[in-house]
Every structure is written in C-alpha cells, then in structure tokens.
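Student: Data: data-v5.pdb, PDB, C-alpha atoms.
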ATOM      1  CA  MET A   1       4.917  31.864 -61.426
ATOM      2  CA  ILE A   2       4.531  29.541 -58.450
ATOM      3  CA  ASP A   3       1.632  27.794 -60.188
ATOM      4  CA  VAL A   4       3.755  27.285 -63.307
ATOM      5  CA  ALA A   5       6.564  25.883 -61.137
ATOM      6  CA  ILE A   6       4.094  23.506 -59.477
ATOM      7  CA  GLY A   7       2.797  22.377 -62.862
ATOM      8  CA  MET A   8       6.300  21.736 -64.183
ATOM      9  CA  ALA A   9       7.274  19.910 -60.971
ATOM     10  CA  LEU A  10       4.266  17.597 -61.377
ATOM     11  CA  ILE A  11       5.249  16.877 -64.983
ATOM     12  CA  TYR A  12       8.821  16.134 -63.925
ATOM     13  CA  LEU A  13       7.569  13.941 -61.053
ATOM     14  CA  LEU A  14       5.618  11.707 -63.424
ATOM     15  CA  PHE A  15       8.200  11.775 -66.199
ATOM     16  CA  SER A  16      11.124  10.965 -63.869
ATOM     17  CA  GLY A  17       9.096   8.092 -62.406
ATOM     18  CA  LEU A  18       8.661   6.702 -65.916
ATOM     19  CA  VAL A  19      12.369   7.143 -66.702
ATOM     20  CA  SER A  20      13.446   5.581 -63.396
ATOM     21  CA  GLY A  21      11.243   2.580 -64.061
ATOM     22  CA  ILE A  22      12.767   2.046 -67.491
ATOM     23  CA  GLN A  23      16.261   2.336 -66.040
ATOM     24  CA  GLU A  24      15.407  -0.198 -63.323
ATOM     25  CA  LEU A  25      14.086  -2.645 -65.905
ATOM     26  CA  GLN A  26      17.239  -2.211 -67.953
ATOM     27  CA  ALA A  27      19.399  -2.782 -64.864
ATOM     28  CA  ALA A  28      17.439  -5.938 -64.006
ATOM     29  CA  LEU A  29      17.508  -7.376 -67.532
ATOM     30  CA  PHE A  30      21.280  -6.938 -67.792
ATOM     31  CA  ASP A  31      21.908  -7.867 -64.141
ATOM     32  CA  ARG A  32      23.861  -4.668 -63.550
ATOM     33  CA  ARG A  33      23.806  -4.931 -59.758
ATOM     34  CA  GLY A  34      25.099  -8.491 -59.841
ATOM     35  CA  ARG A  35      27.878  -7.595 -62.275
ATOM     36  CA  LEU A  36      29.099  -4.652 -60.204
ATOM     37  CA  LEU A  37      28.911  -6.681 -57.007
ATOM     38  CA  LYS A  38      31.044  -9.427 -58.548
ATOM     39  CA  LYS A  39      33.537  -6.832 -59.767
ATOM     40  CA  GLY A  40      33.752  -5.353 -56.268
ATOM     41  CA  ILE A  41      34.302  -8.729 -54.614
ATOM     42  CA  THR A  42      36.959  -9.581 -57.195
ATOM     43  CA  ARG A  43      38.861  -6.436 -56.230
ATOM     44  CA  LEU A  44      38.339  -7.143 -52.540
ATOM     45  CA  LEU A  45      39.916 -10.581 -52.974
ATOM     46  CA  GLY A  46      42.832  -9.064 -54.844
ATOM     47  CA  GLY A  47      42.571 -11.591 -57.673
ATOM     48  CA  VAL A  48      44.239 -14.259 -55.512
ATOM     49  CA  GLY A  49      43.681 -17.839 -56.607
ATOM     50  CA  VAL A  50      43.439 -20.670 -54.092
ATOM     51  CA  SER A  51      44.573 -23.978 -55.578
ATOM     52  CA  THR A  52      42.856 -27.173 -54.595
ATOM     53  CA  GLY A  53      42.278 -30.204 -56.748
ATOM     54  CA  GLU A  54      40.243 -28.258 -59.344
ATOM     55  CA  ALA A  55      42.285 -25.043 -59.163
ATOM     56  CA  LYS A  56      39.235 -22.846 -58.650
ATOM     57  CA  SER A  57      39.695 -19.196 -57.803
ATOM     58  CA  MET A  58      38.573 -17.920 -54.445
ATOM     59  CA  LEU A  59      35.873 -15.925 -56.232
ATOM     60  CA  GLY A  60      34.463 -19.077 -57.772
ATOM     61  CA  LYS A  61      34.559 -20.867 -54.422
ATOM     62  CA  LEU A  62      32.721 -18.056 -52.682
ATOM     63  CA  TYR A  63      29.981 -17.901 -55.300
ATOM     64  CA  ALA A  64      29.609 -21.689 -55.152
ATOM     65  CA  HIS A  65      29.351 -21.673 -51.345
ATOM     66  CA  PRO A  66      25.798 -22.431 -50.084
ATOM     67  CA  MET A  67      25.771 -19.190 -48.053
ATOM     68  CA  ILE A  68      26.190 -17.222 -51.299
ATOM     69  CA  SER A  69      24.610 -19.392 -53.991
ATOM     70  CA  ALA A  70      21.307 -19.397 -52.081
ATOM     71  CA  LEU A  71      21.099 -15.626 -52.694
ATOM     72  CA  SER A  72      21.380 -15.873 -56.466
ATOM     73  CA  GLY A  73      17.673 -15.567 -57.312
ATOM     74  CA  LYS A  74      16.991 -15.647 -61.057
ATOM     75  CA  SER A  75      20.640 -14.836 -61.912
ATOM     76  CA  ALA A  76      22.184 -18.219 -61.193
ATOM     77  CA  GLY A  77      25.600 -17.881 -59.604
ATOM     78  CA  ARG A  78      25.481 -14.067 -59.412
ATOM     79  CA  PRO A  79      23.470 -12.542 -56.553
ATOM     80  CA  SER A  80      22.795  -8.819 -56.566
ATOM     81  CA  TYR A  81      23.265  -8.485 -52.800
ATOM     82  CA  ILE A  82      25.352 -10.354 -50.239
ATOM     83  CA  PRO A  83      25.054  -9.711 -46.481
ATOM     84  CA  SER A  84      28.390  -9.051 -44.807
ATOM     85  CA  ALA A  85      27.861 -11.936 -42.365
ATOM     86  CA  SER A  86      27.265 -14.384 -45.226
ATOM     87  CA  PHE A  87      30.405 -13.218 -47.003
ATOM     88  CA  ALA A  88      32.553 -13.492 -43.865
ATOM     89  CA  ILE A  89      31.295 -16.998 -43.028
ATOM     90  CA  ALA A  90      31.669 -18.229 -46.624
ATOM     91  CA  LEU A  91      35.220 -16.834 -46.839
ATOM     92  CA  ALA A  92      36.308 -18.329 -43.513
ATOM     93  CA  ASP A  93      34.682 -21.688 -44.224
ATOM     94  CA  SER A  94      36.226 -21.920 -47.703
ATOM     95  CA  LEU A  95      39.749 -21.139 -46.478
ATOM     96  CA  VAL A  96      39.547 -23.429 -43.446
ATOM     97  CA  ARG A  97      38.365 -26.315 -45.622
ATOM     98  CA  ASP A  98      40.936 -25.648 -48.357
ATOM     99  CA  TYR A  99      43.874 -25.616 -45.941
ATOM    100  CA  ARG A 100      42.444 -28.237 -43.572
ATOM    101  CA  ALA A 101      42.723 -26.104 -40.458
ATOM    102  CA  ALA A 102      42.235 -27.959 -37.202
ATOM    103  CA  LYS A 103      39.450 -25.643 -35.984
ATOM    104  CA  PRO A 104      36.311 -24.478 -37.823
ATOM    105  CA  LEU A 105      35.477 -21.070 -39.239
ATOM    106  CA  PHE A 106      37.013 -18.025 -37.523
ATOM    107  CA  GLN A 107      38.819 -20.087 -34.885
ATOM    108  CA  GLY A 108      40.739 -21.930 -37.601
ATOM    109  CA  LEU A 109      41.076 -18.976 -39.974
ATOM    110  CA  PRO A 110      44.430 -17.723 -38.570
ATOM    111  CA  GLU A 111      45.950 -21.155 -39.263
ATOM    112  CA  ALA A 112      44.525 -21.183 -42.806
ATOM    113  CA  VAL A 113      45.781 -17.665 -43.497
ATOM    114  CA  GLY A 114      49.285 -18.732 -42.500
ATOM    115  CA  GLN A 115      49.249 -21.376 -45.252
ATOM    116  CA  MET A 116      47.960 -19.097 -48.033
ATOM    117  CA  PRO A 117      50.274 -18.088 -50.897
ATOM    118  CA  PRO A 118      51.609 -14.520 -50.741
ATOM    119  CA  GLY A 119      49.185 -11.966 -52.127
ATOM    120  CA  GLU A 120      46.869  -9.081 -51.376
ATOM    121  CA  LEU A 121      44.162 -11.210 -49.775
ATOM    122  CA  ARG A 122      46.624 -12.911 -47.423
ATOM    123  CA  HIS A 123      48.107  -9.540 -46.488
ATOM    124  CA  VAL A 124      44.692  -8.081 -45.639
ATOM    125  CA  LEU A 125      43.643 -11.152 -43.662
ATOM    126  CA  GLU A 126      46.931 -11.167 -41.732
ATOM    127  CA  VAL A 127      46.253  -7.572 -40.667
ATOM    128  CA  LEU A 128      42.717  -8.459 -39.578
ATOM    129  CA  VAL A 129      43.908 -11.541 -37.712
ATOM    130  CA  ALA A 130      46.490  -9.435 -35.884
ATOM    131  CA  GLN A 131      43.848  -6.858 -34.964
ATOM    132  CA  SER A 132      41.532  -9.523 -33.591
ATOM    133  CA  GLN A 133      44.169 -10.619 -31.031
ATOM    134  CA  GLY A 134      42.935 -14.197 -31.041
ATOM    135  CA  ASN A 135      39.256 -13.294 -30.594
ATOM    136  CA  ALA A 136      37.208 -15.230 -33.179
ATOM    137  CA  GLU A 137      34.115 -13.027 -32.831
ATOM    138  CA  LYS A 138      36.163  -9.877 -33.275
ATOM    139  CA  LEU A 139      37.831 -11.383 -36.355
ATOM    140  CA  GLN A 140      34.423 -12.019 -37.900
ATOM    141  CA  MET A 141      33.349  -8.446 -37.169
ATOM    142  CA  LEU A 142      36.552  -7.076 -38.722
ATOM    143  CA  ILE A 143      36.039  -9.085 -41.922
ATOM    144  CA  GLU A 144      32.428  -7.934 -42.125
ATOM    145  CA  SER A 145      33.509  -4.310 -41.631
ATOM    146  CA  HIS A 146      36.146  -4.659 -44.366
ATOM    147  CA  PHE A 147      33.508  -6.125 -46.690
ATOM    148  CA  ASN A 148      31.047  -3.299 -45.952
ATOM    149  CA  THR A 149      33.707  -0.696 -46.698
ATOM    150  CA  SER A 150      34.389  -2.323 -50.056
ATOM    151  CA  MET A 151      30.658  -2.494 -50.817
ATOM    152  CA  ASP A 152      30.335   1.243 -50.176
ATOM    153  CA  ARG A 153      32.645   1.683 -53.143
ATOM    154  CA  VAL A 154      30.454  -0.660 -55.216
ATOM    155  CA  SER A 155      27.396   1.398 -54.233
ATOM    156  CA  GLY A 156      29.216   4.472 -55.490
ATOM    157  CA  TRP A 157      29.853   2.755 -58.835
ATOM    158  CA  TYR A 158      26.193   1.857 -59.144
ATOM    159  CA  LYS A 159      25.005   5.375 -58.283
ATOM    160  CA  LYS A 160      27.281   6.890 -60.937
ATOM    161  CA  TRP A 161      26.139   4.325 -63.481
ATOM    162  CA  THR A 162      22.494   4.988 -62.580
ATOM    163  CA  GLN A 163      22.915   8.746 -62.882
ATOM    164  CA  VAL A 164      24.413   8.437 -66.355
ATOM    165  CA  TRP A 165      21.702   6.072 -67.554
ATOM    166  CA  LEU A 166      18.899   8.182 -66.085
ATOM    167  CA  MET A 167      20.171  11.052 -68.219
ATOM    168  CA  VAL A 168      20.465   8.833 -71.300
ATOM    169  CA  VAL A 169      17.035   7.228 -70.883
ATOM    170  CA  GLY A 170      15.536  10.616 -69.998
ATOM    171  CA  LEU A 171      16.854  12.163 -73.185
ATOM    172  CA  VAL A 172      15.655   9.241 -75.324
ATOM    173  CA  MET A 173      12.172   9.410 -73.783
ATOM    174  CA  ALA A 174      12.042  13.213 -73.991
ATOM    175  CA  VAL A 175      12.785  13.057 -77.716
ATOM    176  CA  SER A 176      10.517  10.037 -78.326
ATOM    177  CA  LEU A 177       7.531  11.644 -76.586
ATOM    178  CA  ASN A 178       8.560  15.232 -77.455
ATOM    179  CA  VAL A 179       8.500  16.341 -73.809
ATOM    180  CA  ASP A 180       9.901  19.827 -74.374
ATOM    181  CA  SER A 181      10.284  21.749 -71.102
ATOM    182  CA  ILE A 182      10.402  25.148 -72.795
ATOM    183  CA  ALA A 183       7.235  24.540 -74.812
ATOM    184  CA  LEU A 184       5.468  23.113 -71.745
ATOM    185  CA  ALA A 185       6.377  26.105 -69.571
ATOM    186  CA  GLN A 186       5.177  28.514 -72.281
ATOM    187  CA  ARG A 187       1.888  26.622 -72.586
ATOM    188  CA  LEU A 188       1.278  26.588 -68.833
ATOM    189  CA  ALA A 189       2.004  30.321 -68.610
ATOM    190  CA  THR A 190      -0.807  31.062 -71.087
ATOM    191  CA  ASP A 191      -3.315  28.238 -70.590
ATOM    192  CA  HIS A 192      -4.789  29.002 -67.156
ATOM    193  CA  THR A 193      -7.375  26.225 -67.382
ATOM    194  CA  LEU A 194      -4.729  23.561 -67.940
ATOM    195  CA  LEU A 195      -2.541  25.107 -65.265
ATOM    196  CA  SER A 196      -5.356  25.032 -62.698
ATOM    197  CA  GLU A 197      -5.970  21.363 -63.460
ATOM    198  CA  LEU A 198      -2.298  20.534 -62.979
ATOM    199  CA  VAL A 199      -2.102  22.442 -59.696
ATOM    200  CA  GLY A 200      -5.145  20.547 -58.420
ATOM    201  CA  LYS A 201      -3.608  17.218 -59.422
ATOM    202  CA  ALA A 202      -0.313  18.221 -57.817
ATOM    203  CA  GLU A 203      -2.053  19.009 -54.527
ATOM    204  CA  ALA A 204      -3.859  15.664 -54.665
ATOM    205  CA  ALA A 205      -0.592  13.861 -55.457
ATOM    206  CA  VAL A 206       1.144  15.396 -52.442
ATOM    207  CA  LYS A 207      -1.769  14.550 -50.139
ATOM    208  CA  ALA A 208      -1.796  10.974 -51.420
ATOM    209  CA  GLY A 209       1.975  10.676 -51.058
ATOM    210  CA  HIS A 210       2.393  10.036 -54.786
ATOM    211  CA  GLU A 211       6.113   9.336 -54.777
ATOM    212  CA  ARG A 212       7.587   6.528 -56.810
ATOM    213  CA  ALA A 213       9.656   4.221 -54.621
ATOM    214  CA  ALA A 214      12.789   3.007 -56.368
ATOM    215  CA  THR A 215      12.849  -0.730 -56.934
ATOM    216  CA  LYS A 216      15.828  -2.222 -55.115
ATOM    217  CA  ASP A 217      15.927  -5.451 -57.048
ATOM    218  CA  ILE A 218      13.893  -7.337 -59.630
ATOM    219  CA  SER A 219      14.736 -10.962 -59.052
ATOM    220  CA  SER A 220      11.840 -12.835 -60.636
ATOM    221  CA  ASN A 221       9.752 -12.836 -63.801
ATOM    222  CA  LYS A 222       6.709 -11.917 -61.694
ATOM    223  CA  GLU A 223       8.423  -8.791 -60.368
ATOM    224  CA  LEU A 224       9.592  -7.986 -63.898
ATOM    225  CA  ALA A 225       6.032  -8.178 -65.222
ATOM    226  CA  LYS A 226       4.794  -6.037 -62.333
ATOM    227  CA  ALA A 227       7.427  -3.386 -63.056
ATOM    228  CA  ALA A 228       6.460  -3.339 -66.745
ATOM    229  CA  SER A 229       2.795  -2.936 -65.782
ATOM    230  CA  GLU A 230       3.673  -0.005 -63.512
ATOM    231  CA  LEU A 231       5.544   1.654 -66.375
ATOM    232  CA  THR A 232       2.491   1.370 -68.621
ATOM    233  CA  ALA A 233       0.329   2.945 -65.920
ATOM    234  CA  GLU A 234       2.805   5.799 -65.413
ATOM    235  CA  LEU A 235       2.890   6.529 -69.138
ATOM    236  CA  LYS A 236      -0.927   6.635 -69.258
ATOM    237  CA  GLU A 237      -0.947   8.944 -66.234
ATOM    238  CA  LEU A 238       1.489  11.312 -67.931
ATOM    239  CA  ARG A 239      -0.557  11.395 -71.145
ATOM    240  CA  ALA A 240      -3.803  11.868 -69.178
ATOM    241  CA  LEU A 241      -2.615  15.307 -68.076
ATOM    242  CA  GLY A 242      -3.624  16.657 -71.485
ATOM    243  CA  LEU A 243      -0.247  18.259 -72.089
ATOM    244  CA  PRO A 244       1.166  19.292 -75.465
ATOM    245  CA  ILE A 245       3.478  16.310 -75.672
ATOM    246  CA  GLY A 246       3.974  14.009 -78.632
ATOM    247  CA  TRP A 247       5.143  14.753 -82.151
ATOM    248  CA  PRO A 248       2.945  16.838 -84.462
ATOM    249  CA  MET A 249       2.132  15.069 -87.700
ATOM    250  CA  GLY A 250       2.552  16.600 -91.138
ATOM    251  CA  ASP A 251       0.234  16.288 -94.098
ATOM    252  CA  ASP A 252       2.269  13.310 -95.309
ATOM    253  CA  GLY A 253       1.493  11.431 -92.089
ATOM    254  CA  LEU A 254       5.056  11.665 -90.806
ATOM    255  CA  PRO A 255       6.252  13.461 -87.663
ATOM    256  CA  LYS A 256       7.438  17.006 -88.303
ATOM    257  CA  TRP A 257       9.875  19.214 -86.397
ATOM    258  CA  PRO A 258       7.812  20.863 -83.639
ATOM    259  CA  TYR A 259       9.279  24.391 -83.758
ATOM    260  CA  PRO A 260      11.667  26.394 -85.925
ATOM    261  CA  GLY A 261      15.330  26.264 -84.965
ATOM    262  CA  LEU A 262      16.981  24.108 -82.326
ATOM    263  CA  LEU A 263      14.951  25.310 -79.339
ATOM    264  CA  PRO A 264      13.271  21.873 -78.873
ATOM    265  CA  VAL A 265      16.719  20.313 -78.394
ATOM    266  CA  LEU A 266      17.350  22.588 -75.421
ATOM    267  CA  GLY A 267      13.894  21.752 -74.087
ATOM    268  CA  TRP A 268      14.584  18.013 -74.341
ATOM    269  CA  LEU A 269      17.930  18.418 -72.568
ATOM    270  CA  ILE A 270      16.262  20.294 -69.713
ATOM    271  CA  THR A 271      13.650  17.526 -69.438
ATOM    272  CA  ALA A 272      16.336  14.826 -69.382
ATOM    273  CA  LEU A 273      18.293  16.689 -66.707
ATOM    274  CA  ALA A 274      15.136  17.030 -64.622
ATOM    275  CA  ALA A 275      14.457  13.292 -64.966
ATOM    276  CA  SER A 276      17.989  12.474 -63.790
ATOM    277  CA  LEU A 277      17.192  14.152 -60.458
ATOM    278  CA  GLY A 278      14.642  11.428 -59.719
ATOM    279  CA  SER A 279      10.995  11.447 -58.639
ATOM    280  CA  PRO A 280      11.785  11.807 -54.889
ATOM    281  CA  PHE A 281      13.445  15.152 -55.663
ATOM    282  CA  TRP A 282      10.380  16.432 -57.502
ATOM    283  CA  PHE A 283       7.971  15.099 -54.902
ATOM    284  CA  ASP A 284       9.950  17.003 -52.271
ATOM    285  CA  ALA A 285       9.861  20.113 -54.498
ATOM    286  CA  LEU A 286       6.075  19.838 -54.823
ATOM    287  CA  SER A 287       5.737  19.362 -51.070
ATOM    288  CA  LYS A 288       7.536  22.681 -50.558
ATOM    289  CA  LEU A 289       5.956  24.651 -53.415
ATOM    290  CA  ILE A 290       2.316  23.899 -52.576
ATOM    291  CA  PRO A 291       2.446  25.274 -48.991
ATOM    292  CA  LEU A 292       4.314  28.302 -50.353
ATOM    293  CA  ARG A 293       1.468  28.902 -52.802
ATOM    294  CA  SER A 294      -1.107  28.549 -50.021
ATOM    295  CA  ALA A 295       0.747  31.175 -47.978
ATOM    296  CA  GLY A 296       0.336  33.804 -50.727
ATOM    297  CA  VAL A 297      -1.785  36.907 -50.360
ATOM    298  CA  ARG A 298      -5.471  36.364 -51.061
ATOM    299  CA  PRO A 299      -7.320  39.150 -52.885
ATOM    300  CA  GLY A 300      -8.655  41.674 -50.340
ATOM    301  CA  ALA A 301      -6.685  40.146 -47.461
ATOM    302  CA  PRO A 302      -5.415  42.660 -44.871
ATOM    303  CA  THR A 303      -1.742  43.516 -44.911
ATOM    304  CA  ILE A 304       0.747  43.709 -42.094
ATOM    305  CA  PRO A 305       1.250  47.403 -41.325
ATOM    306  CA  GLY A 306       4.506  48.784 -42.647
ATOM    307  CA  THR A 307       5.319  45.720 -44.722
ATOM    308  CA  GLY A 308       2.791  45.489 -47.552
ATOM    309  CA  VAL A 309       2.727  41.724 -46.941
ATOM    310  CA  GLY A 310      -0.586  39.914 -46.611
ATOM    311  CA  ALA A 311      -1.470  38.853 -43.090
ATOM    312  CA  THR A 312      -2.097  35.318 -44.308
ATOM    313  CA  ALA A 313       1.560  35.111 -45.332
ATOM    314  CA  GLN A 314       2.849  36.044 -41.876
ATOM    315  CA  PRO A 315       3.305  32.430 -40.626
ATOM    316  CA  ALA A 316       5.340  31.631 -43.719
ATOM    317  CA  LEU A 317       7.528  34.678 -43.176
ATOM    318  CA  GLU A 318       8.059  33.760 -39.534
ATOM    319  CA  ALA A 319       9.038  30.232 -40.527
ATOM    320  CA  MET A 320      11.730  31.587 -42.854
ATOM    321  CA  THR A 321      13.233  33.973 -40.290
TER     322      THR A 321
END
Any chance you could put this one into structure tokens?
Tutor:
Amino acid sequence: MIDVAIGMALIYLLFSGLVSGIQELQAALFDRRGRLLKKGITRLLGGVGVSTGEAKSMLGKLYAHPMISALSGKSAGRPSYIPSASFAIALADSLVRDYRAAKPLFQGLPEAVGQMPPGELRHVLEVLVAQSQGNAEKLQMLIESHFNTSMDRVSGWYKKWTQVWLMVVGLVMAVSLNVDSIALAQRLATDHTLLSELVGKAEAAVKAGHERAATKDISSNKELAKAASELTAELKELRALGLPIGWPMGDDGLPKWPYPGLLPVLGWLITALAASLGSPFWFDALSKLIPLRSAGVRPGAPTIPGTGVGATAQPALEAMT
C-alpha cells in the first residue's frame, strides 16, 4: 500500500506542477496580481480624491509617481508588487507637492494632512501623524506598517483566488487528459512492474529535489515563453510515466466514455482536489513516504523480541515515540 501511495504522490506531484504552471500563466496574462494590488491600494486610500489642476485621484497620482511607475514592468501603469518604502515615499511626496507644504516628504506631511479634505485617508494619516509625535522617521515607518497590513489582506485575496482557480484548472486538465485517480490507483495495485518504475522515479525525484517552485511574477515576454516551455516539458514528463491516462478511442475514431457509470467523474474530482494542494505538498508527502517504505521489514530480517516488528524498523519506531 505504501508503494501505491508513493506512486500516486508522484503522479500528483507532476500533475499539480502542470496545473500550477497553467494557473500562473493565466494570472500573468490577465495581470491578476496587478489588479488585486490596485484594488487593495484603492481601499487603503479610502477612495479619497485630491484635487489639483487636473483633478486626478490620489490613486492615479500614486501610480504616476516615478517611485511606482518604474515598477510597472510589462503592465504599464499597474505594477504587481510595490515595496512599502516606495509607497510611503510616493504618498508623502504627492501630498506635500499637492498642498505646497513648506518642508519635504515626511517632515512636511503633517502640514499637508492638515489641508486635506475630510475623508478616510485624512483620518488615518492624522492618527499616524499623532502617533509619530513629530518624528519624521517614525511617521514613515508607521505608514509603511499600515501599508504592509493592508497588503496582507491583498495576499489573502490572491491566495483564495489561486486556490479556486487551481481547482478549476485541475478539473479541466483531469477531464481533458482523463487523469482518473481511482483508475490509476487500481492499475498501480495490480501492475507491479509499472508500480516499481514509479517508485524508482519517485526516489530519484526526491533525491534530485524535484519540486516545482511557484513563479512569483511573469513580467516579460521572455519569462512568459520560458514558463510555457516548462509547461510543455512537465506534460511530456507526466506522459512519459506510461500511465493509463488519455481518452480511449472508439471504432468511429471519437473518444469514448472510459468506464461504465459516473465513477470517472469522482476520479477526476479527486485528481483536481489533489492538484489544488500544490506540488510542494506532494513533494513533502513523497519525502515522508519514501523513508517510511525504507524502514519496512525486509524478508528474513530478525524481529524485535516480543513485538513482531522487524529490527530494521526500530529506528523509525523510536523516531515516532
């Protein structure tokens, strides 16, 4: 049973890597990180508009500020990540310039805040100014801390969005490639040759550290092409396992339903759920299952008196107690 679990974990490791890569490409193509970041900053600013000659909103001014616009990458005007220091400096500089404060940046920010129209942003900044007690460096740190707290919420939005889309993409790919967990487990339980090959590849993958690192951001066409190339390689690696995946073809040359009833649907759902856990989860599972298999009783190995447990398994038992 441990060998079957190792084989399934290897399949899920490769399949979840493929699904994660597709999700990352989708996120990059639709600039999901940049959109959520802009939404988070909009909420942080409280929707307050700062009127100058062109009546631009504070959000527009921040994104046009050189400290922010330089981070935009391929998504002009919408970066996917903003350091807290850059945000704090851009905010202070924009307000000081708009309200013509006598001093620059955080030294002149209290004066600028006093001239702002009533609103959520002014209220928050007044609290931070009061907490700083006239210390410009402390005021900067407080604004950065407030920004980081707001970005934690944005990170939560992105994680929830990612989790949903991993499940969706996983289900689409499981159906498209007919990666049925139930059928695969049944095949591995009966095909010892295939199972031995998978266990050997799993051991090699763990030794080589075969864990797909999540792409943080794809900000150029070169990185996009590289990610697409990696996806192609992962798909080939999955198919090279020689597993019973793919749709069987009927005599008319069209795909046919793999098994009677709705059992494949359950198998696809299990595969999609496994993919949503991510490749790091399955790499960690493999890293724990393989040593557990190695600690099993070898044929003819002596047993520990009074226990019936193989002596070779004693270190594993001691580690668990």
Student: Find the residues with any atom within 8 Å of (29.4, -14.2, -49.3); use all atoms listed in the file and the coordinates as given in the file, and write the answer as a list in words.
Tutor: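 Every residue inside that radius is included here: Leu62, Tyr63, His65, Met67, Ile68, Ile82, Pro83, Ser84, Ala85, Ser86, Phe87, Ala88, Ile89, Ala90 and Leu91 of chain A.
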Student: How would the residues just chosen look if you wrote them out with C-alpha atoms as a short mmCIF file (atom, residue, chain, number, x, y, z; two decimals), in the frame of the given file?
Tutor:
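File written: part-v4.cif
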data_model
loop_
_atom_site.label_atom_id
_atom_site.label_comp_id
_atom_site.auth_asym_id
_atom_site.auth_seq_id
_atom_site.Cartn_x
_atom_site.Cartn_y
_atom_site.Cartn_z
CA LEU A 62 32.72 -18.06 -52.68
CA TYR A 63 29.98 -17.90 -55.30
CA HIS A 65 29.35 -21.67 -51.34
CA MET A 67 25.77 -19.19 -48.05
CA ILE A 68 26.19 -17.22 -51.30
CA ILE A 82 25.35 -10.35 -50.24
CA PRO A 83 25.05 -9.71 -46.48
CA SER A 84 28.39 -9.05 -44.81
CA ALA A 85 27.86 -11.94 -42.36
CA SER A 86 27.26 -14.38 -45.23
CA PHE A 87 30.40 -13.22 -47.00
CA ALA A 88 32.55 -13.49 -43.86
CA ILE A 89 31.30 -17.00 -43.03
CA ALA A 90 31.67 -18.23 -46.62
CA LEU A 91 35.22 -16.83 -46.84
#
Student: How far is it from CA of Ala285 in chain A to CA of Val206 in chain A, in Å with one decimal?
Tutor: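 Between CA of Ala285 in chain A and CA of Val206 in chain A the gap is 10.1 Å.
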Student: Could you name the residues that touch Trp157 in chain A at 12 Å or less, counting only C-alpha atoms, but leaving out those on the same chain fewer than 3 positions away, as a ChimeraX atom specification?
Tutor: /A:32-33,35-37,39-40,150-154,160-164
Student: Written as an mmCIF file with C-alpha atoms, keeping the file's coordinate frame, what is the full residue list that the PyMOL selection byres ((chain A and resi 174-180) around 7) yields on the file shown?
Tutor:
data_model
loop_
_atom_site.group_PDB
_atom_site.id
_atom_site.type_symbol
_atom_site.label_atom_id
_atom_site.label_comp_id
_atom_site.auth_asym_id
_atom_site.auth_seq_id
_atom_site.Cartn_x
_atom_site.Cartn_y
_atom_site.Cartn_z
ATOM 1 C CA GLY A 170 15.536 10.616 -69.998
ATOM 2 C CA LEU A 171 16.854 12.163 -73.185
ATOM 3 C CA VAL A 172 15.655 9.241 -75.324
ATOM 4 C CA MET A 173 12.172 9.410 -73.783
ATOM 5 C CA SER A 181 10.284 21.749 -71.102
ATOM 6 C CA ILE A 182 10.402 25.148 -72.795
ATOM 7 C CA ALA A 183 7.235 24.540 -74.812
ATOM 8 C CA LEU A 184 5.468 23.113 -71.745
ATOM 9 C CA ILE A 245 3.478 16.310 -75.672
ATOM 10 C CA GLY A 246 3.974 14.009 -78.632
ATOM 11 C CA TRP A 247 5.143 14.753 -82.151
ATOM 12 C CA PRO A 264 13.271 21.873 -78.873
ATOM 13 C CA GLY A 267 13.894 21.752 -74.087
ATOM 14 C CA TRP A 268 14.584 18.013 -74.341
ATOM 15 C CA THR A 271 13.650 17.526 -69.438
ATOM 16 C CA ALA A 272 16.336 14.826 -69.382
#
Student: Nearest residue to Pro118 in chain A out of A:Gly46, A:Ala101, A:Leu14, A:Glu197, using all atoms listed in the file?
Tutor: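 Checking each candidate against Pro118 in chain A, we get A:Gly46 as the closest.
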Student: Check which residues satisfy the PyMOL selection byres ((chain A and resi 146) around 10) in the file shown, then give them as a PyMOL selection string.
Tutor: chain A and resi 44+84+88+124-125+128+140-145+147-151
Student: Give me the result of the PyMOL selection byres ((chain A and resi 185-195) around 12) on this file, residue by residue, as a VMD selection string.
Tutor: chain A and resid 1 to 12 179 to 184 196 to 202 240 to 245 267 270 to 271
Student: What does the distance between CA of Leu25 in chain A and CA of Ser279 in chain A come to in Å, to one decimal place?
Tutor: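 Between these atoms lies a distance of 16.2 Å.
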Student: Counting all atoms listed in the file, figure out which residue out of A:Leu121, A:Leu59, A:Ala275, A:Leu29 gets nearest to Ile41 in chain A.
Tutor: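 Using all atoms listed in the file, Ile41 in chain A sits closest to A:Leu59.
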Student: Go through A:Trp165, A:Tyr158, A:Tyr259, A:Phe30 and flag the residue nearest Arg78 in chain A, using all atoms listed in the file for the distances.
Tutor: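 The answer is A:Phe30, which sits nearest to Arg78 in chain A.
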Student: Report the distance between CA of Leu269 in chain A and CA of Asp252 in chain A in Å, rounded to one decimal place.
Tutor: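 Straight-line distance from CA of Leu269 in chain A to CA of Asp252 in chain A works out to 28.1 Å.
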Student: Under the rule that all atoms listed in the file are counted, which of A:Glu234, A:Glu120, A:Asp251, A:Asp284 is the nearest residue to Phe15 in chain A?
Tutor: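 Under the stated criterion, the closest residue is A:Glu234.
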